[in-house]
file data.txt (compact mmCIF, C-alpha atoms)
# COMPACT_ATOMS: atom_id res chain seq x y z
CA MET A 1 144.60 -22.76 98.48
CA ALA A 2 140.86 -22.25 98.27
CA GLY A 3 138.91 -24.77 100.29
CA VAL A 4 141.98 -26.11 102.06
CA ARG A 5 143.29 -24.98 105.43
CA THR A 6 145.22 -26.33 108.38
CA CYS A 7 143.03 -26.45 111.47
CA ALA A 8 143.50 -23.58 113.92
CA HIS A 9 147.15 -22.60 114.40
CA PHE A 10 148.83 -25.92 113.64
CA SER A 11 150.89 -24.71 110.70
CA SER A 12 152.99 -22.60 113.07
CA ARG A 13 153.83 -25.69 115.11
CA LEU A 14 155.53 -27.60 112.31
CA SER A 15 159.21 -28.32 112.42
CA PRO A 16 161.07 -26.91 109.43
CA HIS A 17 162.16 -30.50 108.78
CA THR A 18 158.61 -31.89 108.55
CA PRO A 19 158.21 -33.47 105.07
CA LEU A 20 155.15 -31.63 103.74
CA THR A 21 154.54 -34.20 101.04
CA ARG A 22 153.66 -36.69 103.74
CA LEU A 23 151.39 -34.46 105.84
CA ARG A 24 147.68 -34.89 106.20
CA ILE A 25 145.96 -31.74 105.00
CA PHE A 26 142.70 -30.68 106.59
CA HIS A 27 139.92 -29.62 104.21
CA SER A 28 137.21 -27.19 105.22
CA GLN A 29 133.78 -28.70 104.71
CA GLY A 30 130.94 -26.71 106.14
CA GLY A 31 132.98 -25.51 109.09
CA ARG A 32 134.27 -29.02 109.89
CA CYS A 33 137.67 -30.47 109.14
CA SER A 34 138.28 -33.72 107.32
CA SER A 35 141.69 -35.02 106.36
CA SER A 36 143.43 -36.53 103.41
CA THR A 37 147.02 -37.45 102.70
CA THR A 38 148.84 -35.44 100.06
CA ASP A 39 151.04 -38.33 99.00
CA ALA A 40 150.40 -41.93 100.01
CA PRO A 41 153.64 -43.46 101.32
CA THR A 42 154.97 -46.86 100.45
CA PRO A 43 154.86 -49.13 103.53
CA ALA A 44 158.24 -49.98 104.95
CA HIS A 45 159.39 -53.55 105.55
CA ALA A 46 162.66 -54.17 107.38
CA THR A 47 162.22 -50.80 109.08
CA PHE A 48 159.89 -47.84 108.96
CA LYS A 49 160.97 -44.55 107.39
CA ALA A 50 160.63 -41.09 108.84
CA SER A 51 160.12 -39.82 105.29
CA ASP A 52 156.84 -41.79 105.15
CA LEU A 53 155.40 -39.95 108.14
CA GLN A 54 151.73 -38.98 108.10
CA ILE A 55 150.43 -36.37 110.56
CA ASP A 56 146.85 -35.91 111.75
CA PHE A 57 146.72 -32.82 113.93
CA CYS A 58 144.24 -32.41 116.76
CA ARG A 59 141.07 -30.45 116.09
CA PRO A 60 140.79 -27.34 118.30
CA GLU A 61 138.31 -29.05 120.65
CA GLN A 62 140.75 -31.96 121.11
CA LEU A 63 143.57 -29.81 122.48
CA ARG A 64 144.26 -30.41 126.15
CA SER A 65 144.83 -27.81 128.82
CA LYS A 66 148.37 -27.66 130.12
CA PRO A 67 148.85 -27.95 133.90
CA PRO A 68 150.94 -25.29 135.67
CA VAL A 69 154.59 -26.29 135.88
CA LYS A 70 154.55 -26.20 139.68
CA GLU A 71 151.75 -28.79 139.67
CA LEU A 72 153.47 -31.27 137.36
CA LEU A 73 153.79 -34.79 138.71
CA PHE A 74 155.68 -37.62 137.08
CA GLY A 75 153.67 -39.37 134.38
CA LYS A 76 150.26 -37.88 135.24
CA SER A 77 149.73 -35.49 132.31
CA PHE A 78 150.02 -36.18 128.58
CA THR A 79 150.39 -34.05 125.47
CA ASP A 80 148.02 -33.69 122.53
CA HIS A 81 149.61 -36.14 120.09
CA MET A 82 151.15 -39.60 119.91
CA LEU A 83 153.07 -41.68 117.35
CA LYS A 84 151.92 -45.09 116.09
CA ILE A 85 153.63 -47.59 113.80
CA TYR A 86 152.12 -50.99 113.05
CA TYR A 87 154.01 -54.16 112.13
CA THR A 88 152.91 -57.45 110.64
CA LYS A 89 155.03 -60.49 109.83
CA ASP A 90 153.84 -60.54 106.21
CA SER A 91 154.10 -56.83 105.40
CA GLY A 92 156.80 -55.64 107.79
CA TRP A 93 156.66 -52.13 109.22
CA GLY A 94 153.93 -49.80 108.06
CA ALA A 95 154.04 -46.03 107.67
CA PRO A 96 154.55 -44.03 110.88
CA ARG A 97 151.68 -41.79 111.88
CA ILE A 98 151.38 -38.92 114.35
CA MET A 99 147.81 -38.47 115.55
CA PRO A 100 145.77 -37.11 118.46
CA LEU A 101 146.42 -38.99 121.71
CA GLN A 102 143.86 -41.76 121.96
CA ASP A 103 143.08 -45.06 123.66
CA LEU A 104 144.45 -48.24 122.14
CA ARG A 105 142.07 -50.86 120.75
CA LEU A 106 143.25 -54.40 121.47
CA HIS A 107 141.69 -57.81 121.02
CA PRO A 108 141.28 -59.62 124.38
CA ALA A 109 143.66 -62.31 123.09
CA ALA A 110 146.47 -59.86 122.24
CA LYS A 111 149.83 -61.39 123.18
CA VAL A 112 150.79 -58.44 125.38
CA LEU A 113 147.83 -59.09 127.68
CA HIS A 114 148.66 -62.75 128.30
CA TYR A 115 152.42 -63.19 127.95
CA SER A 116 153.80 -59.69 128.66
CA VAL A 117 155.26 -59.41 125.16
CA GLU A 118 156.25 -55.76 125.43
CA LEU A 119 159.06 -53.31 126.05
CA PHE A 120 159.51 -49.61 126.66
CA GLU A 121 162.11 -46.87 126.84
CA GLY A 122 162.46 -43.72 128.91
CA MET A 123 163.83 -40.50 127.41
CA LYS A 124 163.41 -36.76 127.86
CA ALA A 125 163.30 -33.56 125.85
CA PHE A 126 164.66 -30.42 127.52
CA ARG A 127 164.02 -26.76 126.76
CA GLY A 128 167.40 -25.11 127.12
CA VAL A 129 168.28 -21.69 128.50
CA ASP A 130 168.52 -20.62 124.84
CA ASP A 131 164.94 -21.93 124.20
CA GLU A 132 166.29 -24.72 122.00
CA ILE A 133 164.78 -28.16 122.63
CA ARG A 134 167.21 -31.06 122.93
CA LEU A 135 167.22 -34.81 123.46
CA PHE A 136 169.92 -36.52 125.53
CA ARG A 137 171.94 -39.29 123.87
CA PRO A 138 168.90 -40.75 122.05
CA ASN A 139 170.91 -43.26 120.03
CA MET A 140 171.78 -45.14 123.23
CA ASN A 141 168.08 -45.59 123.96
CA MET A 142 167.52 -46.84 120.42
CA ALA A 143 170.30 -49.42 120.70
CA ARG A 144 168.91 -50.69 124.01
CA MET A 145 165.37 -50.75 122.64
CA ASN A 146 166.46 -52.91 119.71
CA ARG A 147 168.32 -55.30 122.02
CA THR A 148 165.21 -55.64 124.15
CA ALA A 149 163.03 -56.12 121.05
CA ALA A 150 165.22 -58.98 119.85
CA ARG A 151 165.06 -60.63 123.29
CA SER A 152 161.28 -60.10 123.46
CA ALA A 153 160.51 -61.72 120.09
CA LEU A 154 159.44 -58.30 118.78
CA PRO A 155 160.58 -56.68 115.51
CA THR A 156 163.69 -54.54 115.37
CA PHE A 157 164.07 -51.31 113.41
CA ASN A 158 166.49 -48.59 112.36
CA GLY A 159 167.10 -46.48 115.46
CA GLU A 160 168.00 -43.36 113.50
CA GLU A 161 164.59 -43.42 111.83
CA LEU A 162 162.82 -43.53 115.19
CA VAL A 163 164.97 -40.69 116.54
CA ALA A 164 163.91 -38.60 113.52
CA LEU A 165 160.28 -39.41 114.27
CA LEU A 166 160.70 -38.54 117.95
CA LYS A 167 162.09 -35.15 116.95
CA LYS A 168 159.02 -34.52 114.79
CA LEU A 169 156.61 -35.63 117.52
CA VAL A 170 158.28 -33.35 120.08
CA SER A 171 158.26 -30.53 117.52
CA VAL A 172 154.51 -30.93 116.99
CA ASP A 173 153.91 -30.78 120.76
CA GLN A 174 156.75 -28.41 121.54
CA GLU A 175 154.44 -26.06 123.47
CA TRP A 176 154.30 -28.79 126.11
CA VAL A 177 158.05 -28.70 126.81
CA PRO A 178 158.26 -26.77 130.11
CA HIS A 179 160.05 -23.42 130.23
CA THR A 180 161.98 -24.27 133.39
CA GLU A 181 165.07 -26.21 134.39
CA SER A 182 163.15 -28.10 137.05
CA SER A 183 160.95 -29.86 134.49
CA SER A 184 161.14 -31.59 131.11
CA LEU A 185 159.10 -33.57 128.59
CA TYR A 186 159.25 -37.31 129.24
CA ILE A 187 159.23 -39.51 126.13
CA ARG A 188 157.90 -43.05 126.40
CA PRO A 189 158.49 -45.26 123.33
CA THR A 190 156.67 -48.59 123.78
CA MET A 191 156.28 -51.75 121.69
CA ILE A 192 153.68 -54.47 122.29
CA GLY A 193 152.74 -57.76 120.70
CA THR A 194 149.19 -57.36 119.37
CA GLU A 195 148.47 -60.61 117.50
CA PRO A 196 145.00 -61.76 118.69
CA THR A 197 145.84 -65.41 119.35
CA LEU A 198 146.52 -67.50 122.43
CA GLY A 199 149.62 -69.66 122.55
CA VAL A 200 153.17 -69.01 123.68
CA VAL A 201 154.63 -68.25 120.26
CA ARG A 202 156.30 -65.27 118.63
CA PRO A 203 153.68 -62.61 117.79
CA ALA A 204 153.04 -61.98 114.10
CA GLU A 205 151.73 -58.47 114.78
CA ALA A 206 153.07 -55.61 116.85
CA LEU A 207 152.53 -51.94 117.58
CA LEU A 208 155.19 -49.36 118.37
CA PHE A 209 153.78 -46.20 119.92
CA VAL A 210 155.19 -43.13 121.63
CA ILE A 211 153.49 -40.85 124.14
CA LEU A 212 154.80 -37.66 125.75
CA SER A 213 154.35 -36.39 129.30
CA PRO A 214 155.49 -33.09 130.84
CA VAL A 215 157.09 -33.94 134.17
CA GLY A 216 158.44 -32.27 137.26
CA PRO A 217 160.98 -33.83 139.65
CA TYR A 218 160.68 -37.62 139.96
CA PHE A 219 160.82 -37.36 143.74
CA ALA A 220 158.54 -34.72 145.27
CA SER A 221 161.26 -33.97 147.83
CA GLY A 222 163.64 -32.89 145.05
CA PHE A 223 167.40 -33.48 145.27
CA LYS A 224 167.41 -34.86 148.80
CA PRO A 225 168.76 -38.15 150.21
CA VAL A 226 166.36 -41.10 150.12
CA SER A 227 166.21 -44.09 152.44
CA LEU A 228 166.42 -47.63 151.07
CA LEU A 229 165.14 -51.03 152.13
CA ALA A 230 167.65 -53.81 151.38
CA ASP A 231 165.88 -57.14 151.90
CA PRO A 232 167.78 -60.17 150.53
CA ARG A 233 164.57 -62.25 150.46
CA TYR A 234 163.55 -60.50 147.24
CA VAL A 235 165.42 -60.61 143.93
CA ARG A 236 164.87 -58.36 140.92
CA ALA A 237 166.87 -60.34 138.34
CA TRP A 238 169.05 -63.44 138.02
CA PRO A 239 171.77 -64.86 135.71
CA GLY A 240 170.42 -65.90 132.34
CA GLY A 241 167.31 -63.77 132.80
CA VAL A 242 166.35 -60.42 131.33
CA GLY A 243 167.50 -57.99 134.02
CA MET A 244 169.45 -56.06 131.39
CA MET A 245 166.34 -55.49 129.25
CA LYS A 246 163.83 -52.67 129.63
CA MET A 247 160.60 -54.64 129.62
CA GLY A 248 157.56 -54.26 131.87
CA SER A 249 157.89 -57.78 133.27
CA ASN A 250 160.99 -56.58 135.14
CA TYR A 251 159.04 -53.85 136.91
CA GLY A 252 155.57 -55.19 137.74
CA PRO A 253 156.85 -57.75 140.30
CA THR A 254 158.74 -55.00 142.17
CA LEU A 255 155.66 -52.95 143.05
CA GLU A 256 154.62 -54.99 146.08
CA ILE A 257 158.16 -54.83 147.52
CA GLN A 258 158.15 -51.08 146.93
CA ARG A 259 154.93 -50.89 148.97
CA GLN A 260 156.58 -52.84 151.78
CA ALA A 261 159.52 -50.44 151.71
CA GLU A 262 157.18 -47.47 152.04
CA GLN A 263 155.42 -49.10 154.97
CA GLN A 264 158.78 -49.23 156.71
CA GLY A 265 159.44 -45.57 156.05
CA CYS A 266 161.75 -46.09 153.07
CA GLN A 267 161.37 -44.47 149.65
CA GLN A 268 163.07 -47.09 147.46
CA VAL A 269 164.25 -50.70 147.37
CA LEU A 270 167.94 -51.60 147.14
CA TRP A 271 167.94 -54.85 145.16
CA LEU A 272 170.37 -57.55 146.28
CA PHE A 273 171.41 -60.85 144.72
CA GLY A 274 173.06 -64.07 145.88
CA PRO A 275 174.20 -65.39 149.26
CA GLU A 276 176.81 -62.64 149.51
CA HIS A 277 174.06 -59.98 149.04
CA ARG A 278 175.55 -58.30 146.01
CA ILE A 279 174.13 -54.84 145.30
CA THR A 280 172.49 -54.60 141.86
CA GLU A 281 170.05 -51.70 141.43
CA VAL A 282 168.06 -49.21 143.47
CA GLY A 283 164.38 -48.94 142.57
CA ALA A 284 164.42 -48.52 138.79
CA MET A 285 167.88 -46.91 138.80
CA ASN A 286 171.49 -47.97 138.61
CA ILE A 287 173.44 -47.62 141.86
CA MET A 288 176.86 -46.09 142.51
CA VAL A 289 179.03 -46.20 145.62
CA PHE A 290 181.78 -43.67 146.33
CA LEU A 291 184.21 -44.83 149.01
CA VAL A 292 187.81 -45.07 150.13
CA ASN A 293 188.93 -48.60 149.32
CA ASP A 294 191.27 -50.90 151.25
CA GLN A 295 194.25 -49.38 149.44
CA GLY A 296 193.35 -45.92 150.73
CA GLU A 297 192.29 -44.51 147.36
CA LYS A 298 188.96 -42.95 146.47
CA GLU A 299 186.94 -45.26 144.23
CA LEU A 300 183.62 -44.93 142.43
CA VAL A 301 182.09 -48.41 142.21
CA THR A 302 179.07 -49.55 140.22
CA PRO A 303 177.92 -53.12 139.49
CA PRO A 304 179.12 -54.56 136.16
CA LEU A 305 176.96 -55.19 133.10
CA ASP A 306 176.79 -58.93 133.69
CA GLY A 307 173.14 -59.40 132.76
CA LEU A 308 171.63 -58.54 136.15
CA ILE A 309 171.31 -54.79 135.68
CA LEU A 310 170.05 -52.37 133.06
CA PRO A 311 172.75 -50.65 130.95
CA GLY A 312 171.52 -47.19 131.83
CA VAL A 313 172.20 -44.13 129.69
CA THR A 314 172.76 -42.00 132.78
CA ARG A 315 175.00 -44.71 134.25
CA ASP A 316 177.20 -44.66 131.15
CA SER A 317 177.25 -40.86 131.15
CA LEU A 318 178.40 -40.63 134.77
CA LEU A 319 181.13 -43.23 134.25
CA THR A 320 182.34 -41.39 131.15
CA LEU A 321 182.45 -38.07 133.01
CA ALA A 322 184.23 -39.57 136.03
CA ARG A 323 186.89 -41.18 133.85
CA SER A 324 187.42 -37.93 131.96
CA TRP A 325 187.96 -36.05 135.23
CA GLY A 326 190.67 -38.49 136.29
CA GLU A 327 190.39 -37.57 139.97
CA PHE A 328 189.59 -40.99 141.45
CA ARG A 329 189.44 -44.63 140.52
CA VAL A 330 186.36 -45.72 138.54
CA THR A 331 185.44 -49.40 138.70
CA GLU A 332 182.68 -51.63 137.38
CA ARG A 333 182.75 -54.58 139.77
CA ASP A 334 180.67 -56.52 142.24
CA ILE A 335 180.11 -54.83 145.58
CA THR A 336 178.31 -56.45 148.51
CA MET A 337 176.36 -55.18 151.48
CA GLY A 338 179.17 -56.51 153.64
CA GLU A 339 181.70 -54.22 151.94
CA VAL A 340 179.36 -51.22 152.17
CA GLU A 341 178.62 -51.85 155.85
CA GLN A 342 182.30 -52.29 156.71
CA ALA A 343 183.22 -49.12 154.82
CA SER A 344 180.51 -47.26 156.75
CA GLU A 345 181.72 -48.57 160.13
CA GLU A 346 185.31 -47.58 159.29
CA GLY A 347 184.34 -44.12 158.04
CA ARG A 348 185.33 -44.89 154.45
CA LEU A 349 181.86 -44.71 152.88
CA ILE A 350 181.68 -41.27 151.30
CA GLU A 351 178.32 -41.43 149.48
CA MET A 352 175.92 -43.53 147.44
CA PHE A 353 173.45 -42.46 144.76
CA GLY A 354 171.10 -43.80 142.14
CA ALA A 355 171.36 -42.81 138.47
CA GLY A 356 168.60 -42.86 135.89
CA THR A 357 166.70 -40.87 133.28
CA ALA A 358 163.71 -40.04 135.48
CA ALA A 359 165.57 -38.58 138.48
CA VAL A 360 169.06 -38.10 136.90
CA VAL A 361 170.93 -38.55 140.20
CA THR A 362 169.40 -39.36 143.59
CA PRO A 363 171.56 -39.37 146.76
CA VAL A 364 171.11 -42.13 149.33
CA GLY A 365 170.75 -41.12 152.98
CA GLU A 366 170.48 -44.47 154.74
CA ILE A 367 169.96 -48.19 154.14
CA HIS A 368 167.70 -50.39 156.27
CA TYR A 369 169.33 -53.82 156.16
CA GLN A 370 168.53 -56.86 158.32
CA GLY A 371 167.42 -54.84 161.33
CA ARG A 372 170.30 -52.37 161.07
CA VAL A 373 170.47 -48.85 159.63
CA ILE A 374 173.55 -47.91 157.63
CA ARG A 375 173.99 -44.13 157.57
CA VAL A 376 175.41 -42.84 154.32
CA THR A 377 174.96 -39.06 154.26
CA LYS A 378 177.28 -37.23 156.65
CA GLU A 379 176.43 -34.00 158.47
CA GLY A 380 178.22 -30.91 157.14
CA GLN A 381 179.34 -32.68 153.97
CA LYS A 382 180.56 -30.31 151.25
CA GLU A 383 179.18 -30.45 147.71
CA SER A 384 178.84 -34.12 146.96
CA LEU A 385 179.92 -36.07 143.92
CA ALA A 386 176.23 -36.76 143.28
CA GLN A 387 175.52 -33.02 143.16
CA ARG A 388 178.48 -32.47 140.84
CA PHE A 389 177.22 -35.18 138.50
CA TYR A 390 173.70 -33.76 138.63
CA ASN A 391 174.88 -30.23 137.84
CA THR A 392 177.04 -31.43 134.95
CA ILE A 393 174.39 -33.63 133.33
CA THR A 394 171.58 -31.08 133.68
CA GLY A 395 173.94 -28.38 132.44
CA ILE A 396 174.34 -30.36 129.22
CA GLN A 397 170.64 -31.16 128.97
CA TYR A 398 169.52 -27.56 129.40
CA GLY A 399 172.10 -26.10 127.03
CA LYS A 400 174.41 -24.49 129.59
CA VAL A 401 177.28 -26.78 128.62
CA LYS A 402 177.95 -27.64 124.98
CA SER A 403 178.17 -31.37 124.32
CA ASP A 404 177.58 -33.86 121.53
CA TRP A 405 175.33 -35.69 123.97
CA ALA A 406 172.68 -32.98 123.56
CA VAL A 407 170.83 -33.42 120.24
CA SER A 408 168.60 -30.61 118.95
CA ILE A 409 165.18 -31.65 117.64
CA ASP A 410 165.87 -29.34 114.69
CA SER A 411 169.05 -31.16 113.68
call {"tool": "encode", "arguments": {"input": "data.txt", "output": "structure tokens"}}
result
Amino acid sequence: MAGVRTCAHFSSRLSPHTPLTRLRIFHSQGGRCSSSTTDAPTPAHATFKASDLQIDFCRPEQLRSKPPVKELLFGKSFTDHMLKIYYTKDSGWGAPRIMPLQDLRLHPAAKVLHYSVELFEGMKAFRGVDDEIRLFRPNMNMARMNRTAARSALPTFNGEELVALLKKLVSVDQEWVPHTESSSLYIRPTMIGTEPTLGVVRPAEALLFVILSPVGPYFASGFKPVSLLADPRYVRAWPGGVGMMKMGSNYGPTLEIQRQAEQQGCQQVLWLFGPEHRITEVGAMNIMVFLVNDQGEKELVTPPLDGLILPGVTRDSLLTLARSWGEFRVTERDITMGEVEQASEEGRLIEMFGAGTAAVVTPVGEIHYQGRVIRVTKEGQKESLAQRFYNTITGIQYGKVKSDWAVSIDS
């Protein structure tokens, strides 16, 4: 191929499933690289197609240095490439494109900047003990992302096509997936309304993009109990709202309350709802309570999917595991601070923990509630249910335990 080359060592970083007819090829011109597409794809409409993917690899000088694994913080570092897919009402979805990570260019009137027309997802890629890179139950994220898109007046798409594109993006930046079980590659699919017009109407233009970030533990303290502030004056979600959707407008208003919790020596907020102070979520995680109920049986309780809470992938995974074990009762029902406090006073509160993609499972040590402190973690407690869940889920994610939940990026 005289006069044509791939820049630097990029050819070795391609997935064997990358459709070469859709790649951008870099041409050598006086020592510089310019790009052209080998086969122009036909723009998609109702959905985009992974087979239409175009790839622009970074030039050598654009490659970023990788931070040491021990210095990784959550969401602070980003990989070399990103995925972009544009949408317009008239043309539908355009061709997906992987390109060097770059700033977004938005008109000051873009809908996302004025009316919070946006959504996001949180996923991870894991390098297993066998060096294979896997995603964890990605189709569940795609289903939730489409539900949120429909509720946000944003375009929907075929989830399987986006999963295929995520696999290719991770494959391109696979050198960024940490070689340790304490870290992973966080995947952040995001969709925003970009139409440059004012007015509270459905946007006619949108952008779906995906960025990647190598991350260490979500909490710097690792797998240790956290303290919670439960203040009934503040509400995260309400009936008829969008508490079950993963959109930024659910998270921005929580930041000031999180700051107040930290000022009181707590690490997270336990969100309550209603006059009975129903427990809903903890921080950005689902919450689970393990106790001995009034009938004397062990019961794992988590709030129901009634519109107030996010249908978490980790939440569903833990419930599925618990039911398969068959060792205790598993219930999705309302649970109040009154029930938790009474169970604690009577010695029936075994443990509480949060569940989510970022931290997997996070044990709760104590709850600060209306001037009182409810102690959850007991001294000398044997291996907890939270630890068992954590070990099982991470075992699947890092390839120690075979499961259909773990999806190879090469599949």
call {"tool": "closest_atom_pairs", "arguments": {"input": "data.txt", "of": "stretch 265-293 of chain A", "to": "stretch 223-227 of chain A", "cutoff": "12 Å", "atoms": "only C-alpha atoms", "output": "CSV"}}
result
residue,atom,partner,partner_atom,distance
A:Gly265,CA,A:Ser227,CA,7.8
A:Cys266,CA,A:Ser227,CA,4.9
A:Gln267,CA,A:Ser227,CA,5.6
A:Gln268,CA,A:Ser227,CA,6.6
A:Val269,CA,A:Ser227,CA,8.6
A:Leu270,CA,A:Ser227,CA,9.4
A:Val282,CA,A:Ser227,CA,10.5
A:Gly283,CA,A:Val226,CA,11.1
call {"tool": "atom_distance", "arguments": {"input": "data.txt", "atom1": "atom CA of A:Asn158", "atom2": "atom CA of A:Lys246"}}
result
17.9 Å
call {"tool": "closest_residue", "arguments": {"input": "data.txt", "among": "A:Gly399, A:Gly128, A:Pro217, A:Pro67", "to": "A:Thr362", "atoms": "all atoms listed in the file"}}
result
A:Pro217
call {"tool": "atom_distance", "arguments": {"input": "data.txt", "atom1": "atom CA of A:Ala406", "atom2": "atom CA of A:Met82"}}
result
22.8 Å
call {"tool": "residues_around", "arguments": {"input": "data.txt", "residues": "stretch 298-313 of chain A", "least_positions_apart": "4", "cutoff": "6 Å", "atoms": "all atoms listed in the file", "output": "ChimeraX atom specification"}}
result
/A:237-238,243-244,288-292,328-334
call {"tool": "residues_around", "arguments": {"input": "data.txt", "residues": "stretch 165-180 of chain A", "least_positions_apart": "4", "cutoff": "8 Å", "atoms": "all atoms listed in the file", "output": "ChimeraX atom specification"}}
result
/A:13-15,17-18,50,53,66,69,79-83,98,125-127,131,133,161,184-185,212,214,409-410
call {"tool": "residues_near_point", "arguments": {"input": "data.txt", "point": "(166.9, -45.2, 157.8)", "cutoff": "8 Å", "atoms": "all atoms listed in the file", "output": "ChimeraX atom specification"}}
result
/A:227-228,265-266,365-368,373-375
call {"tool": "decode", "arguments": {"input": "data.txt", "residues": "stretch 200-207 of chain A", "atoms": "all heavy atoms", "output": "PDB file, in the first residue's frame"}}
result
ATOM      1  N   VAL A 200     -39.478  26.120  25.067  1.00  0.00           N
ATOM      2  CA  VAL A 200     -39.619  24.814  25.714  1.00  0.00           C
ATOM      3  C   VAL A 200     -40.391  23.886  24.788  1.00  0.00           C
ATOM      4  O   VAL A 200     -41.595  23.659  24.949  1.00  0.00           O
ATOM      5  CB  VAL A 200     -40.331  24.963  27.073  1.00  0.00           C
ATOM      6  CG1 VAL A 200     -40.331  23.633  27.821  1.00  0.00           C
ATOM      7  CG2 VAL A 200     -39.656  26.030  27.911  1.00  0.00           C
ATOM      8  N   VAL A 201     -39.672  23.365  23.798  1.00  0.00           N
ATOM      9  CA  VAL A 201     -40.241  22.421  22.833  1.00  0.00           C
ATOM     10  C   VAL A 201     -39.239  21.300  22.601  1.00  0.00           C
ATOM     11  O   VAL A 201     -38.049  21.444  22.895  1.00  0.00           O
ATOM     12  CB  VAL A 201     -40.586  23.111  21.494  1.00  0.00           C
ATOM     13  CG1 VAL A 201     -41.679  24.148  21.684  1.00  0.00           C
ATOM     14  CG2 VAL A 201     -39.343  23.751  20.874  1.00  0.00           C
ATOM     15  N   ARG A 202     -39.727  20.218  22.048  1.00  0.00           N
ATOM     16  CA  ARG A 202     -38.889  19.051  21.777  1.00  0.00           C
ATOM     17  C   ARG A 202     -37.738  19.431  20.840  1.00  0.00           C
ATOM     18  O   ARG A 202     -37.968  20.060  19.801  1.00  0.00           O
ATOM     19  CB  ARG A 202     -39.742  17.960  21.134  1.00  0.00           C
ATOM     20  CG  ARG A 202     -39.050  16.624  20.941  1.00  0.00           C
ATOM     21  CD  ARG A 202     -39.966  15.639  20.222  1.00  0.00           C
ATOM     22  NE  ARG A 202     -39.406  14.304  20.216  1.00  0.00           N
ATOM     23  CZ  ARG A 202     -39.673  13.373  21.111  1.00  0.00           C
ATOM     24  NH1 ARG A 202     -40.525  13.642  22.090  1.00  0.00           N
ATOM     25  NH2 ARG A 202     -39.127  12.176  21.038  1.00  0.00           N
ATOM     26  N   PRO A 203     -36.499  19.088  21.163  1.00  0.00           N
ATOM     27  CA  PRO A 203     -35.376  19.462  20.301  1.00  0.00           C
ATOM     28  C   PRO A 203     -35.395  18.681  18.985  1.00  0.00           C
ATOM     29  O   PRO A 203     -35.684  17.490  18.962  1.00  0.00           O
ATOM     30  CB  PRO A 203     -34.149  19.099  21.136  1.00  0.00           C
ATOM     31  CG  PRO A 203     -34.623  18.027  22.059  1.00  0.00           C
ATOM     32  CD  PRO A 203     -36.057  18.362  22.372  1.00  0.00           C
ATOM     33  N   ALA A 204     -35.067  19.376  17.911  1.00  0.00           N
ATOM     34  CA  ALA A 204     -35.013  18.749  16.594  1.00  0.00           C
ATOM     35  C   ALA A 204     -33.622  18.216  16.274  1.00  0.00           C
ATOM     36  O   ALA A 204     -33.420  17.575  15.236  1.00  0.00           O
ATOM     37  CB  ALA A 204     -35.438  19.751  15.517  1.00  0.00           C
ATOM     38  N   GLU A 205     -32.663  18.479  17.152  1.00  0.00           N
ATOM     39  CA  GLU A 205     -31.300  18.009  16.953  1.00  0.00           C
ATOM     40  C   GLU A 205     -30.755  17.465  18.266  1.00  0.00           C
ATOM     41  O   GLU A 205     -31.081  17.976  19.338  1.00  0.00           O
ATOM     42  CB  GLU A 205     -30.402  19.144  16.446  1.00  0.00           C
ATOM     43  CG  GLU A 205     -30.833  19.738  15.126  1.00  0.00           C
ATOM     44  CD  GLU A 205     -29.999  20.945  14.737  1.00  0.00           C
ATOM     45  OE1 GLU A 205     -28.960  21.192  15.404  1.00  0.00           O
ATOM     46  OE2 GLU A 205     -30.379  21.652  13.791  1.00  0.00           O
ATOM     47  N   ALA A 206     -29.937  16.438  18.170  1.00  0.00           N
ATOM     48  CA  ALA A 206     -29.366  15.836  19.370  1.00  0.00           C
ATOM     49  C   ALA A 206     -27.996  15.257  19.054  1.00  0.00           C
ATOM     50  O   ALA A 206     -27.642  15.041  17.888  1.00  0.00           O
ATOM     51  CB  ALA A 206     -30.287  14.744  19.919  1.00  0.00           C
ATOM     52  N   LEU A 207     -27.238  15.019  20.111  1.00  0.00           N
ATOM     53  CA  LEU A 207     -25.920  14.393  19.986  1.00  0.00           C
ATOM     54  C   LEU A 207     -25.798  13.309  21.042  1.00  0.00           C
ATOM     55  O   LEU A 207     -26.046  13.556  22.230  1.00  0.00           O
ATOM     56  CB  LEU A 207     -24.812  15.437  20.180  1.00  0.00           C
ATOM     57  CG  LEU A 207     -23.385  14.888  20.353  1.00  0.00           C
ATOM     58  CD1 LEU A 207     -22.930  14.160  19.095  1.00  0.00           C
ATOM     59  CD2 LEU A 207     -22.419  16.012  20.717  1.00  0.00           C
TER      60      LEU A 207
END
